[in-house]
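Peer 1: What follows is my_file.pdb, PDB, C-alpha atoms.
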```
ATOM      1  CA  MET S   1     103.921 116.598  95.762
ATOM      2  CA  GLU S   2     106.716 114.511  97.244
ATOM      3  CA  GLU S   3     106.579 110.765  96.669
ATOM      4  CA  PHE S   4     107.199 108.495  99.631
ATOM      5  CA  TYR S   5     108.355 104.986 100.312
ATOM      6  CA  TYR S   6     107.204 102.714 103.085
ATOM      7  CA  LEU S   7     109.777 102.444 105.871
ATOM      8  CA  GLY S   8     107.974 100.473 108.540
ATOM      9  CA  VAL S   9     105.328 100.555 111.238
ATOM     10  CA  ILE S  10     104.926 101.544 114.869
ATOM     11  CA  THR S  11     104.369  98.238 116.671
ATOM     12  CA  LYS S  12     103.850  99.069 120.366
ATOM     13  CA  PRO S  13     104.519 101.518 123.200
ATOM     14  CA  PHE S  14     107.861 101.204 124.990
ATOM     15  CA  GLY S  15     107.938 102.263 128.631
ATOM     16  CA  TYR S  16     105.948 105.145 130.088
ATOM     17  CA  LYS S  17     107.647 108.223 128.641
ATOM     18  CA  GLY S  18     106.031 108.219 125.206
ATOM     19  CA  GLN S  19     108.604 106.035 123.502
ATOM     20  CA  LEU S  20     107.468 103.673 120.765
ATOM     21  CA  THR S  21     108.865 100.493 119.239
ATOM     22  CA  ILE S  22     109.054 100.590 115.449
ATOM     23  CA  PHE S  23     109.706  97.876 112.891
ATOM     24  CA  LEU S  24     111.936  98.949 109.973
ATOM     25  CA  ASP S  25     110.962  96.983 106.861
ATOM     26  CA  THR S  26     114.391  97.069 105.259
ATOM     27  CA  ASP S  27     117.363  94.787 104.641
ATOM     28  CA  GLU S  28     119.698  97.380 106.163
ATOM     29  CA  PRO S  29     118.076  98.941 109.266
ATOM     30  CA  GLU S  30     121.413 100.350 110.421
ATOM     31  CA  LYS S  31     121.218 102.923 107.610
ATOM     32  CA  TYR S  32     118.349 104.561 109.516
ATOM     33  CA  ARG S  33     120.015 104.943 112.920
ATOM     34  CA  ASP S  34     120.457 108.711 112.494
ATOM     35  CA  LEU S  35     116.962 109.651 111.324
ATOM     36  CA  ASP S  36     115.855 113.174 112.253
ATOM     37  CA  ALA S  37     112.234 112.780 111.170
ATOM     38  CA  VAL S  38     109.716 110.462 109.536
ATOM     39  CA  PHE S  39     106.287 110.876 108.024
ATOM     40  CA  ILE S  40     103.502 109.063 109.828
ATOM     41  CA  GLU S  41     100.358 108.107 107.935
ATOM     42  CA  ILE S  42      97.318 109.383 109.775
ATOM     43  CA  GLY S  43      94.098 108.951 107.838
ATOM     44  CA  ASP S  44      94.832 109.974 104.242
ATOM     45  CA  GLU S  45      97.770 112.203 105.151
ATOM     46  CA  LYS S  46     101.445 111.704 105.825
ATOM     47  CA  LEU S  47     102.433 114.073 108.621
ATOM     48  CA  PRO S  48     106.038 114.900 109.599
ATOM     49  CA  TYR S  49     107.201 113.897 113.082
ATOM     50  CA  MET S  50     110.588 115.002 114.399
ATOM     51  CA  ILE S  51     112.637 112.344 116.187
ATOM     52  CA  GLU S  52     114.053 113.293 119.561
ATOM     53  CA  ASP S  53     115.870 109.991 120.092
ATOM     54  CA  ILE S  54     116.247 106.671 118.274
ATOM     55  CA  GLN S  55     117.903 103.546 119.653
ATOM     56  CA  MET S  56     118.394 100.551 117.393
ATOM     57  CA  LYS S  57     117.614  97.170 118.945
ATOM     58  CA  SER S  58     119.776  94.190 118.126
ATOM     59  CA  ASP S  59     116.900  92.001 116.961
ATOM     60  CA  ASN S  60     114.426  91.900 114.081
ATOM     61  CA  ASN S  61     114.840  95.344 112.516
ATOM     62  CA  GLN S  62     113.432  97.114 115.549
ATOM     63  CA  ALA S  63     114.197 100.467 117.138
ATOM     64  CA  VAL S  64     112.843 102.466 120.060
ATOM     65  CA  VAL S  65     111.868 106.009 119.061
ATOM     66  CA  LYS S  66     110.888 109.108 121.010
ATOM     67  CA  PHE S  67     109.122 111.708 118.860
ATOM     68  CA  GLN S  68     109.336 115.385 119.836
ATOM     69  CA  ASP S  69     106.276 116.685 121.688
ATOM     70  CA  VAL S  70     104.596 113.232 121.728
ATOM     71  CA  ASP S  71     103.824 111.725 125.133
ATOM     72  CA  GLY S  72     101.519 109.248 126.851
ATOM     73  CA  GLU S  73      98.153 108.811 125.179
ATOM     74  CA  GLU S  74      99.188 110.503 121.944
ATOM     75  CA  ALA S  75     102.075 108.028 121.616
ATOM     76  CA  LYS S  76      99.689 105.103 122.194
ATOM     77  CA  SER S  77      97.359 106.449 119.503
ATOM     78  CA  LEU S  78     100.184 106.101 116.947
ATOM     79  CA  VAL S  79     100.529 102.323 117.415
ATOM     80  CA  LYS S  80      99.996 100.495 114.083
ATOM     81  CA  ALA S  81     100.606 103.719 112.108
ATOM     82  CA  LYS S  82     102.806 103.324 109.022
ATOM     83  CA  LEU S  83     106.106 105.192 108.657
ATOM     84  CA  PHE S  84     107.294 106.763 105.408
ATOM     85  CA  LEU S  85     110.246 108.720 104.075
ATOM     86  CA  PRO S  86     110.612 110.776 100.877
ATOM     87  CA  ILE S  87     111.899 108.745  97.931
ATOM     88  CA  SER S  88     114.762 111.251  97.689
ATOM     89  CA  MET S  89     116.113 109.737 100.950
ATOM     90  CA  LEU S  90     116.456 106.201  99.598
ATOM     91  CA  PRO S  91     120.060 105.040  99.854
ATOM     92  CA  PRO S  92     121.460 104.591  96.322
ATOM     93  CA  LEU S  93     121.809 101.005  95.096
ATOM     94  CA  GLU S  94     124.527  99.745  92.817
ATOM     95  CA  GLY S  95     125.067  96.835  90.491
ATOM     96  CA  ASN S  96     122.069  94.580  89.933
ATOM     97  CA  LYS S  97     120.191  95.771  93.019
ATOM     98  CA  PHE S  98     117.373  98.187  92.313
ATOM     99  CA  TYR S  99     114.241  99.698  93.738
ATOM    100  CA  PHE S 100     111.106  98.653  91.877
ATOM    101  CA  HIS S 101     110.066 102.248  91.146
ATOM    102  CA  GLU S 102     113.408 103.100  89.508
ATOM    103  CA  VAL S 103     113.168 100.476  86.711
ATOM    104  CA  ILE S 104     109.582 101.127  85.603
ATOM    105  CA  GLY S 105     109.851 101.901  81.889
ATOM    106  CA  PHE S 106     113.139 100.040  81.422
ATOM    107  CA  LYS S 107     113.425  97.770  78.360
ATOM    108  CA  VAL S 108     113.650  94.085  79.334
ATOM    109  CA  ILE S 109     115.921  91.816  77.315
ATOM    110  CA  ASP S 110     115.844  88.062  77.938
ATOM    111  CA  LYS S 111     118.956  85.968  77.247
ATOM    112  CA  GLU S 112     116.973  83.549  75.043
ATOM    113  CA  LYS S 113     114.042  85.610  73.641
ATOM    114  CA  GLY S 114     115.710  89.008  73.246
ATOM    115  CA  ASP S 115     113.679  92.214  73.678
ATOM    116  CA  ILE S 116     110.432  91.196  75.380
ATOM    117  CA  GLY S 117     109.058  94.659  76.183
ATOM    118  CA  LYS S 118     109.077  97.250  78.935
ATOM    119  CA  CYS S 119     108.734  96.872  82.679
ATOM    120  CA  THR S 120     105.382  98.434  83.606
ATOM    121  CA  ASP S 121     105.083  97.625  87.313
ATOM    122  CA  PHE S 122     105.710  95.131  90.098
ATOM    123  CA  ILE S 123     103.174  93.057  91.981
ATOM    124  CA  ASP S 124     104.263  92.450  95.559
ATOM    125  CA  ILE S 125     102.777  89.058  96.407
ATOM    126  CA  SER S 126     103.847  87.888  99.879
ATOM    127  CA  HIS S 127     107.520  86.940  99.581
ATOM    128  CA  GLN S 128     107.581  86.703  95.788
ATOM    129  CA  PRO S 129     107.423  90.015  93.918
ATOM    130  CA  ILE S 130     106.535  89.740  90.226
ATOM    131  CA  MET S 131     107.750  92.039  87.439
ATOM    132  CA  GLN S 132     105.058  92.995  84.918
ATOM    133  CA  ILE S 133     106.240  93.477  81.344
ATOM    134  CA  ASP S 134     104.226  94.877  78.438
ATOM    135  CA  CYS S 135     105.098  92.945  75.273
ATOM    136  CA  ASN S 136     103.132  94.655  72.487
ATOM    137  CA  GLY S 137      99.953  94.669  74.553
ATOM    138  CA  LYS S 138     100.484  91.220  76.078
ATOM    139  CA  GLU S 139     101.428  90.954  79.733
ATOM    140  CA  ILE S 140     104.420  88.853  80.757
ATOM    141  CA  LEU S 141     104.979  88.107  84.449
ATOM    142  CA  ILE S 142     108.498  87.283  85.620
ATOM    143  CA  PRO S 143     109.520  86.470  89.210
ATOM    144  CA  ALA S 144     111.572  89.361  90.598
ATOM    145  CA  ILE S 145     114.313  87.257  92.135
ATOM    146  CA  ASP S 146     118.074  87.764  92.070
ATOM    147  CA  GLU S 147     118.688  84.684  89.913
ATOM    148  CA  VAL S 148     116.666  86.190  87.036
ATOM    149  CA  PHE S 149     118.416  89.573  86.833
ATOM    150  CA  GLU S 150     121.742  89.471  85.007
ATOM    151  CA  ILE S 151     122.511  93.164  84.422
ATOM    152  CA  VAL S 152     120.689  96.364  85.353
ATOM    153  CA  ASP S 153     121.936  99.019  82.924
ATOM    154  CA  ARG S 154     120.706 102.267  84.494
ATOM    155  CA  GLU S 155     122.425 104.467  81.914
ATOM    156  CA  ASN S 156     120.608 102.872  78.949
ATOM    157  CA  LYS S 157     117.487 101.906  80.933
ATOM    158  CA  ILE S 158     117.742  98.202  80.125
ATOM    159  CA  ILE S 159     117.352  95.128  82.335
ATOM    160  CA  TYR S 160     118.985  91.950  81.070
ATOM    161  CA  ILE S 161     117.340  88.806  82.426
ATOM    162  CA  THR S 162     117.472  85.047  82.148
ATOM    163  CA  ALA S 163     113.871  83.920  82.575
ATOM    164  CA  PRO S 164     113.112  80.388  83.778
ATOM    165  CA  ASP S 165     112.944  77.922  80.871
ATOM    166  CA  GLY S 166     109.624  78.068  79.042
ATOM    167  CA  LEU S 167     108.121  80.842  81.166
ATOM    168  CA  ILE S 168     107.984  83.513  78.444
ATOM    169  CA  ASP S 169     106.549  81.006  75.950
ATOM    170  CA  ILE S 170     103.443  80.695  78.158
ATOM    171  CA  TYR S 171     102.598  84.339  77.453
ATOM    172  CA  LEU S 172     103.477  84.595  73.745
TER     173      LEU S 172
END
```
Any chance you could put this one into structure tokens?
Peer 2:
Amino acid sequence: MEEFYYLGVITKPFGYKGQLTIFLDTDEPEKYRDLDAVFIEIGDEKLPYMIEDIQMKSDNNQAVVKFQDVDGEEAKSLVKAKLFLPISMLPPLEGNKFYFHEVIGFKVIDKEKGDIGKCTDFIDISHQPIMQIDCNGKEILIPAIDEVFEIVDRENKIIYITAPDGLIDIYL
């Protein structure tokens, strides 16, 4: 089964021809201006919807979308539905930028403490995601912010970090 990533949400109807306003939850919404289709979460399923037209708005990561064969009341029923795309469609990241799912299992090496374990998951708490690390059965939580990550070595599956002073000591 294909894995998906969250792209955004349908926020409201737009006009009277079945168009919908969507919010794209991404730092680079322009990368999605040529979408042909998305998956919409309805109940427990993600169903494919073909895009007839998409127009990017200049403000707040929004676009106006017209889905094929979706008009009037059906369009209104999709408001607040979440949008997804297959993980295979994620734009590749380079350097120290990474998607959380791609570094699960990577070894984590701190500048001061050395090898502190493996990344097991991320907790997405409001605007401050947290990296979970398993250090021989003990959990270490590190803020997932740019200032912490020094090098992401995809080839060797290692993340080099500089944790805030004293943070790792709290857990060990």
Peer 1: Which of these, S:Leu24, S:Leu172, S:Val148, S:Leu78, has the shortest distance to Asp110 in chain S once you count all atoms listed in the file?
Peer 2: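 Going through S:Leu24, S:Leu172, S:Val148, S:Leu78 one by one, the smallest distance to Asp110 in chain S is for S:Val148.
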Peer 1: Could you work out an axis-aligned bounding box for all listed atoms of range 142-146 of chain S, with 4 Å added on each of the six sides, and give its centre and edge lengths in Å to one decimal, as JSON?
Peer 2:
```
{"center_x": 113.3, "center_y": 87.9, "center_z": 88.9, "size_x": 17.6, "size_y": 10.9, "size_z": 14.5}
```
Peer 1: Record the distance separating CA of Leu83 in chain S and CA of Glu41 in chain S, expressed in Å with one decimal.
Peer 2: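 These two atoms are separated by 6.5 Å.
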Peer 1: May I ask which of the residues S:Glu74, S:Asp36, S:Glu102, S:Asp165 is the closest one to Ile87 in chain S, counting all atoms listed in the file?
Peer 2: S:Glu102
Peer 1: Between S:Ile51, S:Ile40, S:Leu20, S:Ala163, which one has atoms that come closest to Lys111 in chain S, using all atoms listed in the file?
Peer 2: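 Closest candidate: S:Ala163.
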Peer 1: Expand the PyMOL selection byres ((chain S and resi 68) around 9) into the individual residues it matches in the shown file, reporting them as a list in words.
Peer 2: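 That expression, the PyMOL selection byres ((chain S and resi 68) around 9), corresponds here to Tyr49, Met50, Ile51, Glu52, Asp53, Lys66, Phe67, Asp69, Val70 and Asp71 of chain S.
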Peer 1: At most 9 Å from (116.3, 96.2, 79.6), file frame, all atoms listed in the file: which residues, as a VMD selection string?
Peer 2: chain S and resid 103 105 to 110 115 to 119 151 to 154 156 to 161
Peer 1: Missing atoms in range 54-74 of chain S need filling: write out N, CA and C atoms for it as a PDB file, in the frame of the given file.
Peer 2:
```
ATOM      1  N   ILE S  54     116.489 107.978 118.884  1.00  0.00           N
ATOM      2  CA  ILE S  54     116.247 106.671 118.274  1.00  0.00           C
ATOM      3  C   ILE S  54     117.361 105.738 118.723  1.00  0.00           C
ATOM      4  N   GLN S  55     116.956 104.567 119.201  1.00  0.00           N
ATOM      5  CA  GLN S  55     117.903 103.546 119.653  1.00  0.00           C
ATOM      6  C   GLN S  55     117.601 102.256 118.902  1.00  0.00           C
ATOM      7  N   MET S  56     118.571 101.790 118.140  1.00  0.00           N
ATOM      8  CA  MET S  56     118.394 100.551 117.393  1.00  0.00           C
ATOM      9  C   MET S  56     118.456  99.369 118.353  1.00  0.00           C
ATOM     10  N   LYS S  57     117.566  98.406 118.171  1.00  0.00           N
ATOM     11  CA  LYS S  57     117.614  97.170 118.945  1.00  0.00           C
ATOM     12  C   LYS S  57     118.405  96.151 118.140  1.00  0.00           C
ATOM     13  N   SER S  58     118.913  95.162 118.814  1.00  0.00           N
ATOM     14  CA  SER S  58     119.776  94.190 118.126  1.00  0.00           C
ATOM     15  C   SER S  58     118.995  93.094 117.415  1.00  0.00           C
ATOM     16  N   ASP S  59     117.663  93.097 117.554  1.00  0.00           N
ATOM     17  CA  ASP S  59     116.900  92.001 116.961  1.00  0.00           C
ATOM     18  C   ASP S  59     115.795  92.487 116.025  1.00  0.00           C
ATOM     19  N   ASN S  60     115.599  91.773 114.958  1.00  0.00           N
ATOM     20  CA  ASN S  60     114.426  91.900 114.081  1.00  0.00           C
ATOM     21  C   ASN S  60     114.095  93.298 113.553  1.00  0.00           C
ATOM     22  N   ASN S  61     115.088  94.055 113.163  1.00  0.00           N
ATOM     23  CA  ASN S  61     114.840  95.344 112.516  1.00  0.00           C
ATOM     24  C   ASN S  61     114.025  96.308 113.380  1.00  0.00           C
ATOM     25  N   GLN S  62     114.211  96.263 114.668  1.00  0.00           N
ATOM     26  CA  GLN S  62     113.432  97.114 115.549  1.00  0.00           C
ATOM     27  C   GLN S  62     114.266  98.245 116.126  1.00  0.00           C
ATOM     28  N   ALA S  63     113.572  99.325 116.471  1.00  0.00           N
ATOM     29  CA  ALA S  63     114.197 100.467 117.138  1.00  0.00           C
ATOM     30  C   ALA S  63     113.186 101.046 118.118  1.00  0.00           C
ATOM     31  N   VAL S  64     113.692 101.742 119.122  1.00  0.00           N
ATOM     32  CA  VAL S  64     112.843 102.466 120.060  1.00  0.00           C
ATOM     33  C   VAL S  64     113.003 103.949 119.733  1.00  0.00           C
ATOM     34  N   VAL S  65     111.867 104.618 119.506  1.00  0.00           N
ATOM     35  CA  VAL S  65     111.868 106.009 119.061  1.00  0.00           C
ATOM     36  C   VAL S  65     111.101 106.878 120.044  1.00  0.00           C
ATOM     37  N   LYS S  66     111.622 108.079 120.260  1.00  0.00           N
ATOM     38  CA  LYS S  66     110.888 109.108 121.010  1.00  0.00           C
ATOM     39  C   LYS S  66     110.705 110.275 120.048  1.00  0.00           C
ATOM     40  N   PHE S  67     109.432 110.582 119.736  1.00  0.00           N
ATOM     41  CA  PHE S  67     109.122 111.708 118.860  1.00  0.00           C
ATOM     42  C   PHE S  67     109.011 112.976 119.700  1.00  0.00           C
ATOM     43  N   GLN S  68     109.449 114.103 119.134  1.00  0.00           N
ATOM     44  CA  GLN S  68     109.336 115.385 119.836  1.00  0.00           C
ATOM     45  C   GLN S  68     107.872 115.716 120.095  1.00  0.00           C
ATOM     46  N   ASP S  69     107.606 116.210 121.288  1.00  0.00           N
ATOM     47  CA  ASP S  69     106.276 116.685 121.688  1.00  0.00           C
ATOM     48  C   ASP S  69     105.196 115.602 121.618  1.00  0.00           C
ATOM     49  N   VAL S  70     105.571 114.320 121.717  1.00  0.00           N
ATOM     50  CA  VAL S  70     104.596 113.232 121.728  1.00  0.00           C
ATOM     51  C   VAL S  70     104.791 112.448 123.021  1.00  0.00           C
ATOM     52  N   ASP S  71     103.756 112.432 123.855  1.00  0.00           N
ATOM     53  CA  ASP S  71     103.824 111.725 125.133  1.00  0.00           C
ATOM     54  C   ASP S  71     102.572 110.893 125.348  1.00  0.00           C
ATOM     55  N   GLY S  72     102.651 109.998 126.331  1.00  0.00           N
ATOM     56  CA  GLY S  72     101.519 109.248 126.851  1.00  0.00           C
ATOM     57  C   GLY S  72     100.509 108.747 125.850  1.00  0.00           C
ATOM     58  N   GLU S  73      99.275 109.284 125.994  1.00  0.00           N
ATOM     59  CA  GLU S  73      98.153 108.811 125.179  1.00  0.00           C
ATOM     60  C   GLU S  73      98.355 109.080 123.686  1.00  0.00           C
ATOM     61  N   GLU S  74      98.950 110.217 123.366  1.00  0.00           N
ATOM     62  CA  GLU S  74      99.188 110.503 121.944  1.00  0.00           C
ATOM     63  C   GLU S  74     100.119 109.448 121.348  1.00  0.00           C
TER      64      GLU S  74
END
```
